[in-house]
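*Asks:* A single structure is presented below for examination.
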Amino acid sequence: PLSDEFHLEAEHLQYKQPSILQGRTDVVTVTPWLAPVVWDGTFDPVLLDSLYRPRNISVAITVFAVGKYIRFLEDFLQTAEQHFFVGFNVHVYVFTDRPNELPRVHMAAGRQVTVRSVPSSQRWQEISAHRMELIQTLIEELNNQKDYIFCLDVDSRFHGRWGTESLGRLVAVIHPGYYRNRRSQLPYERRQESRAFLAPEDGDFYYCGGAFGGRLQEVHLMAKTCRLNFEEDARGGIEAAWQEESHLNRYLWFNKPSKVLSPEYLWQDFKSREPEIHLIRFSGVVKNYAEIRPN
Ligand code: UD2
């Protein structure tokens with residue numbers, strides 16, 4: 001099992017002296033429950049990598065490419081090779097109904113792709129929502145053979161480093177679209193009949209459904225809970241405003257993430273750059289919903 005302690009193994013590792021007086025002042029870097037909010041300039045990548053390397057950690061990714069979304073996979077995998085946990089063990093689990101259309105992407109040593117076949121679907125909402133069940137099952141099968149897992153949207157690309165700074169027990173990404181809004185205006189599910197319901201005075205941040213992660217057992221519990229609540233809603237004839245993303249947001253209100261990633265970790269290409277975003281690391285590509293979705 002991984003310990004939480006860090007030991008510096010490299011004797012002569014040179015890194016900038018830490019300061020508690022100087023650093024980012026334009027953004028908040030810690031939540032009210034004292035979880036770090038990761039922004040560019042708040043961490044030392046060389047130091048972090050050297051602290052994690054001796055642990056020989058392994059990171060799983062889940063990515064869904066159902067129907068026409070298979071076209072995004074090549075860029076996703078290629079840019080992940082360039083930016084996602086470079087030099088670490090990474091295992092990408094691709095869930096698709098088109099295994100024959102899998103792109104050929106060269107993976108570096110210690111990194112691999114496994115394909116899992118899933119049925120096609122007529123409703124994009126179902127594809128999106130069904131992910132939680134498949135993530136839950138995958139984690140059960142992994143049987144703690146990986147240390148961390150990240151669940152990511154396929155219609156996205158990496159542009160900058162996403163690495164050990166993102167590791168934590170339960171990790172969520174702040175959605176790029178709503179971080180200036182008051183909580184009463186966040187697009188949580190507002191109908192009390194839904195198990196994703198959040199009242200206007202509840203909620204911390206609006207988190208992305210397109211990227212979340214953490215230790216396997218934590219993500220397993222979150223995926224399982226979201227799935228059960230989604231299914232309970234379905235039995236009652238209700239579908240939350242943003243499907244599993246709504247359920248995720250409710251879960252994360254009651255179960256605070258131990259690390260929060262800034263919107264650098266999931267930007268959207270159609271949005272103009274904001275001054276606090278020094279580095280876009282991962283972003284959703286512009287897509288034509290009418291053309292790409294099955295309905
Ligand atoms: C937002 C969320 C997404 C999800 C969705 C609502 C972000 C940035 N995005 O994205 O995570 O919560 O709203 O449910 O947080 N997919 C397929 N085939 C399809 C449709 C979807 O494979 O035909 C998969 C694919 O991996 C895709 C993901 O589902 O990346 C999310 O679907 P989307 O991209 O249509 O949702 P989007 O961009 O509106």
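Numbering starts fresh at 1 for the residues of each chain in the structure tokens, the chains themselves are lettered A, B, ... in the order given, and ligands are numbered from 1 as they appear.
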Write out as a Markdown table a residue-level contact list of chain A versus ligand 1 with cut-off 7 Å: for each qualifying residue the closest pair of atoms and the distance in Å to one decimal, counting only C-alpha atoms and all ligand atoms, rows sorted by chain and residue number upward.
*Replies:*
```
| residue | atom | partner | partner_atom_place_in_ligand_line | distance |
| --- | --- | --- | --- | --- |
| A:Val63 | CA | ligand 1 | 26 (O) | 5.7 |
| A:Phe64 | CA | ligand 1 | 26 (O) | 3.9 |
| A:Ala65 | CA | ligand 1 | 22 (O) | 3.7 |
| A:Val66 | CA | ligand 1 | 22 (O) | 3.5 |
| A:Gly67 | CA | ligand 1 | 23 (O) | 5.4 |
| A:Lys68 | CA | ligand 1 | 23 (O) | 6.3 |
| A:Tyr69 | CA | ligand 1 | 22 (O) | 5.0 |
| A:Trp124 | CA | ligand 1 | 20 (C) | 4.5 |
| A:Gln125 | CA | ligand 1 | 14 (O) | 5.9 |
| A:Ile127 | CA | ligand 1 | 21 (C) | 5.5 |
| A:Ser128 | CA | ligand 1 | 29 (O) | 4.4 |
| A:Ala129 | CA | ligand 1 | 14 (O) | 6.5 |
| A:Asp153 | CA | ligand 1 | 30 (O) | 3.6 |
| A:Val154 | CA | ligand 1 | 30 (O) | 4.2 |
| A:Asp155 | CA | ligand 1 | 30 (O) | 4.7 |
| A:His175 | CA | ligand 1 | 15 (O) | 6.4 |
| A:Cys208 | CA | ligand 1 | 15 (O) | 3.7 |
| A:Gly209 | CA | ligand 1 | 11 (O) | 3.6 |
| A:Gly210 | CA | ligand 1 | 11 (O) | 3.2 |
| A:Ala211 | CA | ligand 1 | 15 (O) | 6.4 |
| A:Trp242 | CA | ligand 1 | 6 (C) | 4.8 |
| A:Gln243 | CA | ligand 1 | 14 (O) | 4.8 |
| A:Glu244 | CA | ligand 1 | 14 (O) | 5.9 |
| A:Glu245 | CA | ligand 1 | 12 (O) | 4.4 |
| A:Leu266 | CA | ligand 1 | 8 (C) | 6.5 |
| A:Gly284 | CA | ligand 1 | 8 (C) | 6.3 |
| A:Ile292 | CA | ligand 1 | 23 (O) | 6.7 |
| A:Arg293 | CA | ligand 1 | 23 (O) | 4.6 |
| A:Pro294 | CA | ligand 1 | 23 (O) | 5.6 |
```
*Asks:* Among stretch 44-232 of chain A, which residues carry a DSSP assignment of strand (DSSP E or B), reported as number ranges by chain?
*Replies:* A: 58-65, 84, 89-96, 111-117, 148-152, 156-158, 162, 170-174, 189, 197, 207-215
*Asks:* Any idea what's packed within 8 Å of stretch 92-94 of chain A, counting only C-alpha atoms, ignoring anything in its chain fewer than 5 positions away? Could you give it as a list in words?
*Replies:* Ala60, Ile61, Thr62, Val63, Phe64, Ala65, Arg111, Gln112, Val113, Thr114, Val115 and Arg116 of chain A
*Asks:* Please provide as a VMD selection string all residues within 8 Å of A:Val286, with the sequence filter that same-chain residues fewer than 3 positions apart are discarded (counting only C-alpha atoms).
*Replies:* chain A and resid 268 to 270
*Asks:* For the residues in the current selection, export N, CA and C atoms as a short mmCIF file (atom, residue, chain, number, x, y, z; two decimals), in the first residue's frame.
*Replies:*
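Once written, selection-v3.cif looks like this:
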```
data_model
loop_
_atom_site.label_atom_id
_atom_site.label_comp_id
_atom_site.auth_asym_id
_atom_site.auth_seq_id
_atom_site.Cartn_x
_atom_site.Cartn_y
_atom_site.Cartn_z
N GLN A 268 -12.24 24.85 -22.08
CA GLN A 268 -13.03 24.55 -23.28
C GLN A 268 -12.51 25.45 -24.39
N ASP A 269 -12.23 24.86 -25.54
CA ASP A 269 -11.58 25.60 -26.62
C ASP A 269 -12.39 26.80 -27.10
N PHE A 270 -13.71 26.74 -26.94
CA PHE A 270 -14.50 27.88 -27.44
C PHE A 270 -14.44 29.09 -26.51
#
```
*Asks:* When you count only C-alpha atoms, which of these residues is closest to A:Leu47: A:Asn89, A:Thr96, A:Gln14, A:Ser184?
*Replies:*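 Looking only at the distances to A:Leu47, the closest residue turns out to be A:Gln14.
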*Asks:* Identify, on the basis of only C-alpha atoms, every residue whose closest approach to A:His7 does not exceed 12 Å; exclude the query and any residue fewer than 4 positions from it along the same chain; express the result as a PDB file with N, CA and C atoms, in the first residue's frame.
*Replies:*
```pdb
ATOM      1  N   SER A   3       2.136   4.778   1.066  1.00  0.00           N
ATOM      2  CA  SER A   3       2.089   5.585   2.291  1.00  0.00           C
ATOM      3  C   SER A   3       1.900   7.046   1.900  1.00  0.00           C
ATOM      4  N   GLU A  11      19.769  12.818  -3.452  1.00  0.00           N
ATOM      5  CA  GLU A  11      20.531  13.623  -2.483  1.00  0.00           C
ATOM      6  C   GLU A  11      20.751  15.050  -2.938  1.00  0.00           C
ATOM      7  N   LEU A  47      10.219  18.507  -8.177  1.00  0.00           N
ATOM      8  CA  LEU A  47      10.199  17.998  -6.805  1.00  0.00           C
ATOM      9  C   LEU A  47       9.120  16.918  -6.658  1.00  0.00           C
ATOM     10  N   LEU A  48       7.910  17.225  -7.126  1.00  0.00           N
ATOM     11  CA  LEU A  48       6.812  16.264  -6.975  1.00  0.00           C
ATOM     12  C   LEU A  48       7.125  14.940  -7.669  1.00  0.00           C
ATOM     13  N   ASP A  49       7.618  15.027  -8.894  1.00  0.00           N
ATOM     14  CA  ASP A  49       7.928  13.785  -9.621  1.00  0.00           C
ATOM     15  C   ASP A  49       8.985  12.978  -8.879  1.00  0.00           C
ATOM     16  N   SER A  50       9.958  13.672  -8.302  1.00  0.00           N
ATOM     17  CA  SER A  50      11.015  12.908  -7.626  1.00  0.00           C
ATOM     18  C   SER A  50      10.505  12.311  -6.315  1.00  0.00           C
ATOM     19  N   LEU A  51       9.455  12.886  -5.745  1.00  0.00           N
ATOM     20  CA  LEU A  51       8.876  12.295  -4.541  1.00  0.00           C
ATOM     21  C   LEU A  51       8.012  11.078  -4.882  1.00  0.00           C
ATOM     22  N   TYR A  52       7.354  11.126  -6.038  1.00  0.00           N
ATOM     23  CA  TYR A  52       6.471  10.007  -6.405  1.00  0.00           C
ATOM     24  C   TYR A  52       7.200   8.879  -7.121  1.00  0.00           C
ATOM     25  N   ARG A  53       8.312   9.203  -7.808  1.00  0.00           N
ATOM     26  CA  ARG A  53       8.957   8.188  -8.641  1.00  0.00           C
ATOM     27  C   ARG A  53       9.355   6.933  -7.863  1.00  0.00           C
ATOM     28  N   PRO A  54       9.952   7.065  -6.682  1.00  0.00           N
ATOM     29  CA  PRO A  54      10.357   5.843  -5.949  1.00  0.00           C
ATOM     30  C   PRO A  54       9.174   4.936  -5.598  1.00  0.00           C
ATOM     31  N   ARG A  55       7.982   5.481  -5.591  1.00  0.00           N
ATOM     32  CA  ARG A  55       6.818   4.646  -5.255  1.00  0.00           C
ATOM     33  C   ARG A  55       6.356   3.799  -6.434  1.00  0.00           C
TER      34      ARG A  55
END
```
